[in-house]
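Take a look at the structure set out below.
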Amino acid sequence: MADRVADRAESRADLRKRLVAAAADLLVAEGRDAVTTRAVSTAAGVQPPTIYRLFGDMNGLLAATAADGFTRYLTRKSSRAPSADPVDDLRAGWDMHIEFGLDNPAHYLLMYGQPQPGGESDAAREAHRLLREILERVARAGRLTVPVERAAQMVHGAGMGVTFALLALRPEERDLGVSAQTREAVIAAITTDADTDDDLPRASDSAREARRRVLALRSILDDMPATYTPGERMLLEELLDRAGLDPAEG
(Lines give C-alpha, C1' and ligand atoms only; values in the text may rest on other atoms or scores of the structure.)
Protein backbone atom coordinates (compact mmCIF):
# COMPACT_ATOMS: atom_id res chain seq x y z
CA MET A 1 0.00 0.00 0.00
CA ALA A 2 2.77 2.43 0.96
CA ASP A 3 4.62 1.58 -2.27
CA ARG A 4 1.55 2.39 -4.38
CA VAL A 5 1.17 5.74 -2.60
CA ALA A 6 4.86 6.52 -3.20
CA ASP A 7 4.50 5.58 -6.88
CA ARG A 8 1.51 7.88 -7.28
CA ALA A 9 3.37 10.72 -5.54
CA GLU A 10 6.39 10.23 -7.78
CA SER A 11 4.20 10.14 -10.87
CA ARG A 12 2.52 13.37 -9.82
CA ALA A 13 5.90 15.04 -9.23
CA ASP A 14 7.17 13.85 -12.63
CA LEU A 15 4.04 15.17 -14.30
CA ARG A 16 4.51 18.58 -12.67
CA LYS A 17 8.10 18.66 -13.89
CA ARG A 18 7.01 17.77 -17.42
CA LEU A 19 4.42 20.54 -17.49
CA VAL A 20 6.84 23.11 -16.07
CA ALA A 21 9.45 22.09 -18.63
CA ALA A 22 6.90 22.40 -21.45
CA ALA A 23 5.83 25.84 -20.24
CA ALA A 24 9.47 26.94 -19.93
CA ASP A 25 10.28 25.74 -23.46
CA LEU A 26 7.30 27.65 -24.89
CA LEU A 27 8.23 30.71 -22.85
CA VAL A 28 11.77 30.74 -24.22
CA ALA A 29 10.83 29.91 -27.80
CA GLU A 30 7.72 32.02 -28.31
CA GLY A 31 7.21 34.32 -25.32
CA ARG A 32 4.63 34.68 -22.58
CA ASP A 33 1.58 34.82 -24.90
CA ALA A 34 2.40 31.36 -26.26
CA VAL A 35 2.10 29.75 -22.84
CA THR A 36 -1.56 28.74 -23.02
CA THR A 37 -3.41 25.80 -21.52
CA ARG A 38 -3.78 24.10 -24.87
CA ALA A 39 -0.19 24.69 -25.99
CA VAL A 40 1.35 23.50 -22.73
CA SER A 41 -0.86 20.42 -22.43
CA THR A 42 -0.14 19.48 -26.05
CA ALA A 43 3.61 19.93 -25.59
CA ALA A 44 3.55 17.88 -22.39
CA GLY A 45 1.30 15.18 -23.85
CA VAL A 46 -1.46 15.51 -21.25
CA GLN A 47 -5.08 16.62 -21.18
CA PRO A 48 -5.73 20.31 -20.32
CA PRO A 49 -7.58 19.50 -17.06
CA THR A 50 -4.33 18.06 -15.72
CA ILE A 51 -2.92 21.60 -15.47
CA TYR A 52 -5.83 22.70 -13.29
CA ARG A 53 -5.63 19.56 -11.18
CA LEU A 54 -1.91 20.04 -10.45
CA PHE A 55 -1.55 23.84 -10.44
CA GLY A 56 -5.04 25.23 -9.83
CA ASP A 57 -4.91 27.41 -12.96
CA MET A 58 -2.47 28.82 -15.49
CA ASN A 59 -1.27 31.41 -12.99
CA GLY A 60 -0.23 28.53 -10.75
CA LEU A 61 1.69 26.92 -13.61
CA LEU A 62 3.39 30.22 -14.47
CA ALA A 63 4.33 30.70 -10.81
CA ALA A 64 5.89 27.21 -10.80
CA THR A 65 7.75 28.03 -14.02
CA ALA A 66 9.08 31.25 -12.47
CA ALA A 67 10.12 29.28 -9.38
CA ASP A 68 12.00 26.88 -11.66
CA GLY A 69 13.86 29.88 -13.09
CA PHE A 70 14.73 31.08 -9.58
CA THR A 71 15.96 27.61 -8.68
CA ARG A 72 18.35 27.55 -11.64
CA TYR A 73 19.46 31.08 -10.77
CA LEU A 74 20.12 30.04 -7.17
CA THR A 75 22.09 26.99 -8.32
CA ARG A 76 24.38 29.30 -10.25
CA LYS A 77 24.59 31.85 -7.45
CA SER A 78 25.21 29.31 -4.67
CA SER A 79 28.01 27.62 -6.57
CA ARG A 80 30.39 30.53 -5.88
CA ALA A 81 32.26 30.21 -2.59
CA PRO A 82 32.50 33.40 -0.46
CA SER A 83 35.74 35.33 -0.80
CA ALA A 84 37.65 37.22 1.88
CA ASP A 85 36.09 40.51 0.70
CA PRO A 86 32.28 40.67 1.04
CA VAL A 87 32.11 43.79 -1.15
CA ASP A 88 33.77 41.86 -3.96
CA ASP A 89 31.17 39.13 -3.40
CA LEU A 90 28.49 41.79 -3.72
CA ARG A 91 29.99 42.83 -7.07
CA ALA A 92 30.10 39.21 -8.23
CA GLY A 93 26.48 38.68 -7.18
CA TRP A 94 25.40 41.77 -9.14
CA ASP A 95 27.25 40.59 -12.28
CA MET A 96 25.74 37.11 -11.93
CA HIS A 97 22.23 38.60 -11.66
CA ILE A 98 22.67 40.70 -14.81
CA GLU A 99 24.22 37.77 -16.69
CA PHE A 100 21.36 35.45 -15.73
CA GLY A 101 18.78 37.98 -16.89
CA LEU A 102 20.47 38.53 -20.26
CA ASP A 103 20.97 34.78 -20.78
CA ASN A 104 17.40 33.91 -19.75
CA PRO A 105 15.23 36.88 -20.79
CA ALA A 106 11.91 34.99 -20.89
CA HIS A 107 12.38 33.51 -17.44
CA TYR A 108 13.68 36.80 -16.06
CA LEU A 109 10.62 38.70 -17.26
CA LEU A 110 8.37 36.05 -15.75
CA MET A 111 10.31 36.10 -12.47
CA TYR A 112 10.52 39.87 -12.05
CA GLY A 113 8.19 41.46 -14.59
CA GLN A 114 4.99 41.37 -12.55
CA PRO A 115 5.88 41.51 -8.84
CA GLN A 116 3.07 40.84 -6.40
CA PRO A 117 3.38 42.09 -2.78
CA GLY A 118 3.73 39.06 -0.56
CA GLY A 119 3.56 36.73 -3.55
CA GLU A 120 7.21 35.66 -3.67
CA SER A 121 8.05 31.99 -4.15
CA ASP A 122 10.28 30.10 -1.74
CA ALA A 123 13.07 30.38 -4.31
CA ALA A 124 12.63 34.16 -4.59
CA ARG A 125 12.79 34.47 -0.81
CA GLU A 126 15.96 32.37 -0.84
CA ALA A 127 17.51 34.69 -3.44
CA HIS A 128 16.72 37.65 -1.18
CA ARG A 129 18.19 35.79 1.81
CA LEU A 130 21.45 35.20 -0.05
CA LEU A 131 21.68 38.90 -0.91
CA ARG A 132 21.04 39.84 2.74
CA GLU A 133 23.66 37.32 3.82
CA ILE A 134 26.32 39.06 1.72
CA LEU A 135 25.25 42.48 3.01
CA GLU A 136 25.33 41.25 6.61
CA ARG A 137 28.94 40.19 6.00
CA VAL A 138 29.64 43.69 4.66
CA ALA A 139 28.08 45.12 7.84
CA ARG A 140 30.12 42.83 10.11
CA ALA A 141 33.24 44.03 8.31
CA GLY A 142 32.25 47.57 9.34
CA ARG A 143 31.76 48.72 5.76
CA LEU A 144 27.98 49.10 5.39
CA THR A 145 26.59 52.63 5.79
CA VAL A 146 22.84 51.92 5.47
CA PRO A 147 20.71 49.24 7.16
CA VAL A 148 20.93 45.78 5.63
CA GLU A 149 17.32 45.64 4.42
CA ARG A 150 17.52 49.07 2.81
CA ALA A 151 20.80 48.13 1.14
CA ALA A 152 19.20 44.92 -0.15
CA GLN A 153 16.30 46.86 -1.65
CA MET A 154 18.69 49.34 -3.28
CA VAL A 155 20.89 46.63 -4.81
CA HIS A 156 17.93 44.53 -5.93
CA GLY A 157 15.99 47.46 -7.39
CA ALA A 158 18.98 48.88 -9.24
CA GLY A 159 19.98 45.47 -10.55
CA MET A 160 16.49 44.81 -11.90
CA GLY A 161 16.37 48.25 -13.49
CA VAL A 162 19.66 47.73 -15.31
CA THR A 163 18.63 44.25 -16.47
CA PHE A 164 15.29 45.43 -17.84
CA ALA A 165 16.97 48.40 -19.53
CA LEU A 166 19.49 46.12 -21.25
CA LEU A 167 16.83 43.59 -22.23
CA ALA A 168 14.92 46.39 -23.97
CA LEU A 169 17.85 46.78 -26.37
CA ARG A 170 19.06 44.54 -29.16
CA PRO A 171 22.02 42.42 -28.01
CA GLU A 172 24.41 44.34 -30.25
CA GLU A 173 23.23 47.64 -28.71
CA ARG A 174 23.83 46.66 -25.10
CA ASP A 175 26.61 48.46 -23.26
CA LEU A 176 27.58 46.34 -20.27
CA GLY A 177 29.59 49.28 -19.00
CA VAL A 178 26.23 50.71 -17.87
CA SER A 179 25.87 47.75 -15.53
CA ALA A 180 29.38 48.11 -14.13
CA GLN A 181 29.05 51.86 -13.60
CA THR A 182 25.64 51.53 -11.93
CA ARG A 183 26.97 48.72 -9.75
CA GLU A 184 29.83 50.86 -8.52
CA ALA A 185 27.52 53.83 -7.90
CA VAL A 186 25.23 51.69 -5.74
CA ILE A 187 28.15 50.14 -3.86
CA ALA A 188 29.60 53.61 -3.21
CA ALA A 189 26.22 54.72 -1.85
CA ILE A 190 25.93 51.90 0.68
CA THR A 191 29.52 51.08 1.69
CA THR A 192 32.72 52.71 2.82
CA ASP A 193 36.34 51.65 2.54
CA ALA A 194 37.81 49.29 5.10
CA ASP A 195 39.33 50.84 8.21
CA THR A 196 43.02 51.73 8.26
CA ASP A 197 44.97 52.84 11.32
CA ASP A 198 45.86 56.23 9.84
CA ASP A 199 42.59 56.96 8.05
CA LEU A 200 40.31 58.84 10.42
CA PRO A 201 36.98 60.14 9.12
CA ARG A 202 36.72 63.78 8.12
CA ALA A 203 34.28 65.95 10.08
CA SER A 204 31.93 66.02 7.09
CA ASP A 205 31.82 62.22 7.18
CA SER A 206 31.19 61.90 10.92
CA ALA A 207 27.48 61.04 10.64
CA ARG A 208 28.14 58.43 7.96
CA GLU A 209 30.96 56.99 10.05
CA ALA A 210 28.71 56.79 13.12
CA ARG A 211 26.04 54.94 11.12
CA ARG A 212 28.68 52.54 9.85
CA ARG A 213 29.73 51.69 13.39
CA VAL A 214 26.13 51.33 14.56
CA LEU A 215 25.34 48.96 11.69
CA ALA A 216 28.45 46.91 12.43
CA LEU A 217 27.30 46.53 16.04
CA ARG A 218 23.76 45.66 14.92
CA SER A 219 25.09 42.93 12.66
CA ILE A 220 26.86 41.04 15.48
CA LEU A 221 24.08 41.11 18.10
CA ASP A 222 23.34 37.44 17.48
CA ASP A 223 26.96 36.60 18.31
CA MET A 224 26.93 38.43 21.67
CA PRO A 225 26.30 36.67 24.99
CA ALA A 226 22.64 36.62 26.09
CA THR A 227 23.01 39.46 28.60
CA TYR A 228 19.67 41.12 27.78
CA THR A 229 16.10 40.14 28.48
CA PRO A 230 13.91 39.63 25.37
CA GLY A 231 12.34 43.04 25.96
CA GLU A 232 15.73 44.74 26.35
CA ARG A 233 17.02 43.00 23.24
CA MET A 234 14.01 44.17 21.21
CA LEU A 235 14.49 47.75 22.43
CA LEU A 236 18.22 47.65 21.66
CA GLU A 237 17.55 46.37 18.13
CA GLU A 238 14.98 49.11 17.53
CA LEU A 239 17.32 51.84 18.78
CA LEU A 240 20.21 50.56 16.67
CA ASP A 241 17.98 50.28 13.60
CA ARG A 242 16.85 53.87 14.07
CA ALA A 243 20.38 55.10 14.69
CA GLY A 244 21.55 53.40 11.51
CA LEU A 245 19.18 55.40 9.32
CA ASP A 246 20.18 58.63 7.66
CA PRO A 247 17.66 61.23 8.94
CA ALA A 248 17.40 62.60 5.39
CA GLU A 249 16.30 59.17 4.18
CA GLY A 250 13.69 58.60 6.89
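Convention: chains lettered A, B, ... in C-alpha coordinates order; per-chain residue numbering from 1; ligands numbered from 1 as shown.
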
(message) as a PyMOL selection string, please: every residue in region 3-237 of chain A that DSSP puts in helix (DSSP H, G or I).
(response) chain A and resi 3-30+32-34+37-44+49-55+58-78+86-103+105-112+122-140+148-167+171-173+176-190+203-219+221-223+230-237

(request) Name the closest residue to Ala189 (chain A) among the candidates A:Gly161, A:Pro147, A:Pro49, A:Gly177; distances are taken between atoms, counting only C-alpha atoms. (result) A:Pro147

(message) My list of candidates is A:Val148, A:Leu19, A:Ala64, A:Leu167. Which is closest to Gly113 (chain A) when distances are computed with only C-alpha atoms?
(response)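 Among the listed residues, the smallest separation from Gly113 (chain A) belongs to A:Leu167.
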
(request) For Arg143 (chain A), work out the shell of residues within 6 Å, counting only C-alpha atoms and skipping chain neighbours fewer than 3 positions away, then give it as a VMD selection string. (result) chain A and resid 138 to 139 191 to 192

Just all heavy atoms for this one: save the residues we selected as a short mmCIF file (atom, residue, chain, number, x, y, z; two decimals), in the first residue's frame.
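File produced: selection.cif:
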```
data_model
loop_
_atom_site.label_atom_id
_atom_site.label_comp_id
_atom_site.auth_asym_id
_atom_site.auth_seq_id
_atom_site.Cartn_x
_atom_site.Cartn_y
_atom_site.Cartn_z
N VAL A 138 29.09 42.34 4.87
CA VAL A 138 29.64 43.69 4.66
C VAL A 138 29.48 44.51 5.95
O VAL A 138 30.40 45.23 6.36
CB VAL A 138 28.94 44.39 3.48
CG1 VAL A 138 29.45 45.83 3.33
CG2 VAL A 138 29.15 43.63 2.18
N ALA A 139 28.32 44.38 6.59
CA ALA A 139 28.08 45.12 7.84
C ALA A 139 29.02 44.65 8.94
O ALA A 139 29.59 45.47 9.68
CB ALA A 139 26.62 44.94 8.28
N THR A 191 28.35 51.60 0.98
CA THR A 191 29.52 51.08 1.69
C THR A 191 30.58 52.16 1.83
O THR A 191 30.54 53.20 1.19
CB THR A 191 30.15 49.88 0.94
OG1 THR A 191 30.76 50.34 -0.27
CG2 THR A 191 29.13 48.81 0.65
N THR A 192 31.54 51.86 2.67
CA THR A 192 32.72 52.71 2.82
C THR A 192 33.94 51.82 2.77
O THR A 192 33.84 50.59 2.87
CB THR A 192 32.67 53.47 4.15
OG1 THR A 192 33.74 54.42 4.20
CG2 THR A 192 32.78 52.53 5.35
#
```

(request) Have a look at A:Ala216, A:Ala84, A:Ala63, A:Ile98 and name the one nearest to Ala23 (chain A); count only C-alpha atoms. (result)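 Of A:Ala216, A:Ala84, A:Ala63, A:Ile98, the one nearest Ala23 (chain A), counting only C-alpha atoms, is A:Ala63.
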
(message) Excluding Val162 (chain A) and its own-chain neighbours fewer than 2 positions away, which residues fall within 10 Å of it when counting only C-alpha atoms? Please give them as number ranges by chain.
(response) A: 98, 101, 157-160, 164-168, 176, 178-180, 182-183

Written selection (all heavy atoms) as an mmCIF file, in the first residue's frame:
```cif
data_model
loop_
_atom_site.group_PDB
_atom_site.id
_atom_site.type_symbol
_atom_site.label_atom_id
_atom_site.label_comp_id
_atom_site.auth_asym_id
_atom_site.auth_seq_id
_atom_site.Cartn_x
_atom_site.Cartn_y
_atom_site.Cartn_z
ATOM 1 N N ILE A 98 22.821 40.107 -13.480
ATOM 2 C CA ILE A 98 22.674 40.700 -14.809
ATOM 3 C C ILE A 98 22.888 39.635 -15.883
ATOM 4 O O ILE A 98 22.121 39.541 -16.854
ATOM 5 C CB ILE A 98 23.682 41.851 -15.011
ATOM 6 C CG1 ILE A 98 23.509 42.932 -13.930
ATOM 7 C CG2 ILE A 98 23.530 42.448 -16.410
ATOM 8 C CD1 ILE A 98 22.193 43.635 -13.931
ATOM 9 N N GLY A 101 19.893 37.333 -16.211
ATOM 10 C CA GLY A 101 18.781 37.984 -16.887
ATOM 11 C C GLY A 101 18.983 38.072 -18.387
ATOM 12 O O GLY A 101 18.036 37.837 -19.166
ATOM 13 N N GLY A 157 16.724 46.574 -6.495
ATOM 14 C CA GLY A 157 15.991 47.461 -7.388
ATOM 15 C C GLY A 157 16.856 47.973 -8.525
ATOM 16 O O GLY A 157 16.435 48.002 -9.690
ATOM 17 N N ALA A 158 18.084 48.373 -8.199
ATOM 18 C CA ALA A 158 18.985 48.881 -9.238
ATOM 19 C C ALA A 158 19.371 47.775 -10.212
ATOM 20 O O ALA A 158 19.440 47.999 -11.435
ATOM 21 C CB ALA A 158 20.231 49.491 -8.600
ATOM 22 N N GLY A 159 19.612 46.585 -9.689
ATOM 23 C CA GLY A 159 19.976 45.467 -10.555
ATOM 24 C C GLY A 159 18.862 45.106 -11.517
ATOM 25 O O GLY A 159 19.098 44.852 -12.710
ATOM 26 N N MET A 160 17.624 45.070 -11.017
ATOM 27 C CA MET A 160 16.490 44.808 -11.902
ATOM 28 C C MET A 160 16.358 45.892 -12.958
ATOM 29 O O MET A 160 16.105 45.616 -14.137
ATOM 30 C CB MET A 160 15.187 44.718 -11.096
ATOM 31 C CG MET A 160 14.964 43.408 -10.402
ATOM 32 S SD MET A 160 13.211 43.190 -9.955
ATOM 33 C CE MET A 160 12.908 44.662 -8.988
ATOM 34 N N PHE A 164 16.415 45.117 -16.955
ATOM 35 C CA PHE A 164 15.289 45.431 -17.837
ATOM 36 C C PHE A 164 15.698 46.425 -18.918
ATOM 37 O O PHE A 164 15.283 46.312 -20.075
ATOM 38 C CB PHE A 164 14.112 45.985 -17.036
ATOM 39 C CG PHE A 164 13.310 44.935 -16.318
ATOM 40 C CD1 PHE A 164 13.009 45.057 -14.977
ATOM 41 C CD2 PHE A 164 12.854 43.813 -16.989
ATOM 42 C CE1 PHE A 164 12.275 44.097 -14.308
ATOM 43 C CE2 PHE A 164 12.121 42.832 -16.340
ATOM 44 C CZ PHE A 164 11.827 42.967 -15.005
ATOM 45 N N ALA A 165 16.517 47.417 -18.551
ATOM 46 C CA ALA A 165 16.965 48.405 -19.534
ATOM 47 C C ALA A 165 17.796 47.741 -20.631
ATOM 48 O O ALA A 165 17.649 48.056 -21.822
ATOM 49 C CB ALA A 165 17.769 49.509 -18.846
ATOM 50 N N LEU A 166 18.667 46.811 -20.262
ATOM 51 C CA LEU A 166 19.491 46.125 -21.254
ATOM 52 C C LEU A 166 18.657 45.167 -22.104
ATOM 53 O O LEU A 166 18.899 45.024 -23.314
ATOM 54 C CB LEU A 166 20.622 45.368 -20.562
ATOM 55 C CG LEU A 166 21.700 46.247 -19.906
ATOM 56 C CD1 LEU A 166 22.692 45.388 -19.124
ATOM 57 C CD2 LEU A 166 22.436 47.079 -20.948
ATOM 58 N N LEU A 167 17.675 44.510 -21.475
ATOM 59 C CA LEU A 167 16.829 43.593 -22.229
ATOM 60 C C LEU A 167 15.975 44.327 -23.263
ATOM 61 O O LEU A 167 15.560 43.732 -24.268
ATOM 62 C CB LEU A 167 15.910 42.807 -21.282
ATOM 63 C CG LEU A 167 16.577 41.697 -20.463
ATOM 64 C CD1 LEU A 167 15.589 41.093 -19.476
ATOM 65 C CD2 LEU A 167 17.138 40.611 -21.385
ATOM 66 N N ALA A 168 15.721 45.604 -23.032
ATOM 67 C CA ALA A 168 14.920 46.392 -23.974
ATOM 68 C C ALA A 168 15.697 46.746 -25.229
ATOM 69 O O ALA A 168 15.119 47.254 -26.198
ATOM 70 C CB ALA A 168 14.417 47.661 -23.296
ATOM 71 N N LEU A 176 27.469 46.914 -21.608
ATOM 72 C CA LEU A 176 27.581 46.339 -20.273
ATOM 73 C C LEU A 176 28.330 47.257 -19.313
ATOM 74 O O LEU A 176 28.303 47.042 -18.102
ATOM 75 C CB LEU A 176 28.261 44.972 -20.341
ATOM 76 C CG LEU A 176 27.480 43.888 -21.098
ATOM 77 C CD1 LEU A 176 28.211 42.558 -21.039
ATOM 78 C CD2 LEU A 176 26.063 43.747 -20.525
ATOM 79 N N VAL A 178 27.312 50.094 -18.656
ATOM 80 C CA VAL A 178 26.228 50.711 -17.870
ATOM 81 C C VAL A 178 26.015 49.922 -16.590
ATOM 82 O O VAL A 178 25.833 50.490 -15.501
ATOM 83 C CB VAL A 178 24.930 50.768 -18.702
ATOM 84 C CG1 VAL A 178 23.750 51.198 -17.831
ATOM 85 C CG2 VAL A 178 25.093 51.722 -19.881
ATOM 86 N N SER A 179 26.046 48.601 -16.719
ATOM 87 C CA SER A 179 25.869 47.752 -15.532
ATOM 88 C C SER A 179 26.997 47.968 -14.539
ATOM 89 O O SER A 179 26.764 48.153 -13.335
ATOM 90 C CB SER A 179 25.804 46.279 -15.945
ATOM 91 O OG SER A 179 25.802 45.446 -14.805
ATOM 92 N N ALA A 180 28.239 47.952 -15.028
ATOM 93 C CA ALA A 180 29.384 48.112 -14.130
ATOM 94 C C ALA A 180 29.376 49.472 -13.443
ATOM 95 O O ALA A 180 29.650 49.575 -12.232
ATOM 96 C CB ALA A 180 30.685 47.928 -14.917
ATOM 97 N N THR A 182 26.754 51.475 -12.884
ATOM 98 C CA THR A 182 25.642 51.532 -11.932
ATOM 99 C C THR A 182 25.959 50.726 -10.684
ATOM 100 O O THR A 182 25.687 51.158 -9.556
ATOM 101 C CB THR A 182 24.349 51.002 -12.573
ATOM 102 O OG1 THR A 182 24.082 51.726 -13.774
ATOM 103 C CG2 THR A 182 23.173 51.154 -11.620
ATOM 104 N N ARG A 183 26.556 49.564 -10.887
ATOM 105 C CA ARG A 183 26.965 48.723 -9.753
ATOM 106 C C ARG A 183 27.888 49.484 -8.820
ATOM 107 O O ARG A 183 27.686 49.495 -7.587
ATOM 108 C CB ARG A 183 27.672 47.484 -10.289
ATOM 109 C CG ARG A 183 28.189 46.510 -9.229
ATOM 110 C CD ARG A 183 29.188 45.550 -9.841
ATOM 111 N NE ARG A 183 30.400 46.248 -10.265
ATOM 112 C CZ ARG A 183 31.186 45.836 -11.258
ATOM 113 N NH1 ARG A 183 30.900 44.750 -11.941
ATOM 114 N NH2 ARG A 183 32.274 46.536 -11.558
#
```

(message) Let me make sure I understand: among A:Ile187, A:Ala92, A:Leu27, A:Leu215, which one has the smallest atom-to-atom distance to Leu110 (chain A) if we use only C-alpha atoms?
(response)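 Nearest to Leu110 (chain A): A:Leu27.
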
(message) Taking 3 positions as the minimum chain separation for residues in the same chain, which residues sit within 9 Å of Ala43 (chain A) when counting only C-alpha atoms? Answer as a ChimeraX atom specification.
(response) /A:19,22-23,26,38-40,46

Emit the selected residues as a PDB file, in the first residue's frame, including N, CA, C and O atoms.
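Result saved to out-v9.pdb:
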```
ATOM      1  N   LEU A  19       5.215  19.371 -17.134  1.00  0.00           N
ATOM      2  CA  LEU A  19       4.417  20.541 -17.493  1.00  0.00           C
ATOM      3  C   LEU A  19       5.224  21.835 -17.336  1.00  0.00           C
ATOM      4  O   LEU A  19       5.139  22.734 -18.167  1.00  0.00           O
ATOM      5  N   ALA A  22       7.591  22.022 -20.221  1.00  0.00           N
ATOM      6  CA  ALA A  22       6.898  22.398 -21.450  1.00  0.00           C
ATOM      7  C   ALA A  22       6.590  23.893 -21.458  1.00  0.00           C
ATOM      8  O   ALA A  22       6.766  24.576 -22.480  1.00  0.00           O
ATOM      9  N   ALA A  23       6.129  24.410 -20.329  1.00  0.00           N
ATOM     10  CA  ALA A  23       5.832  25.839 -20.235  1.00  0.00           C
ATOM     11  C   ALA A  23       7.104  26.665 -20.414  1.00  0.00           C
ATOM     12  O   ALA A  23       7.101  27.694 -21.102  1.00  0.00           O
ATOM     13  N   LEU A  26       8.150  26.734 -24.128  1.00  0.00           N
ATOM     14  CA  LEU A  26       7.300  27.651 -24.886  1.00  0.00           C
ATOM     15  C   LEU A  26       7.644  29.103 -24.565  1.00  0.00           C
ATOM     16  O   LEU A  26       7.664  29.964 -25.442  1.00  0.00           O
ATOM     17  N   ARG A  38      -3.815  25.065 -23.785  1.00  0.00           N
ATOM     18  CA  ARG A  38      -3.784  24.099 -24.874  1.00  0.00           C
ATOM     19  C   ARG A  38      -2.350  23.818 -25.336  1.00  0.00           C
ATOM     20  O   ARG A  38      -1.964  22.661 -25.538  1.00  0.00           O
ATOM     21  N   ALA A  39      -1.558  24.877 -25.494  1.00  0.00           N
ATOM     22  CA  ALA A  39      -0.193  24.690 -25.991  1.00  0.00           C
ATOM     23  C   ALA A  39       0.659  23.892 -25.013  1.00  0.00           C
ATOM     24  O   ALA A  39       1.415  22.993 -25.411  1.00  0.00           O
ATOM     25  N   VAL A  40       0.538  24.208 -23.732  1.00  0.00           N
ATOM     26  CA  VAL A  40       1.346  23.504 -22.727  1.00  0.00           C
ATOM     27  C   VAL A  40       0.919  22.049 -22.610  1.00  0.00           C
ATOM     28  O   VAL A  40       1.760  21.139 -22.566  1.00  0.00           O
ATOM     29  N   VAL A  46      -0.428  15.780 -22.259  1.00  0.00           N
ATOM     30  CA  VAL A  46      -1.464  15.509 -21.249  1.00  0.00           C
ATOM     31  C   VAL A  46      -2.748  16.231 -21.652  1.00  0.00           C
ATOM     32  O   VAL A  46      -2.754  17.058 -22.563  1.00  0.00           O
TER      33      VAL A  46
END
```

(message) With distances taken over only C-alpha atoms, which residue among A:Ala44, A:Gln114, A:Thr36, A:Met96 lies nearest Asp14 (chain A)?
(response) A:Ala44

(message) My list of candidates is A:Ala124, A:Leu62, A:Leu235, A:Ile190. Which is closest to Thr145 (chain A) when distances are computed with only C-alpha atoms?
(response)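 Of A:Ala124, A:Leu62, A:Leu235, A:Ile190, the one nearest Thr145 (chain A) is A:Ile190, counting only C-alpha atoms.
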
(message) So the first atom is CA of Arg16 (chain A) and the second is CA of Thr37 (chain A); what is the distance between them in Å, to one decimal place?
(response) 13.9 Å

(request) Compile the contact shell of Ser41 (chain A) as a ChimeraX atom specification: residues with an atom at most 8 Å away, counting only C-alpha atoms, same-chain residues fewer than 6 positions apart removed. (result) /A:19,47-48,50-51
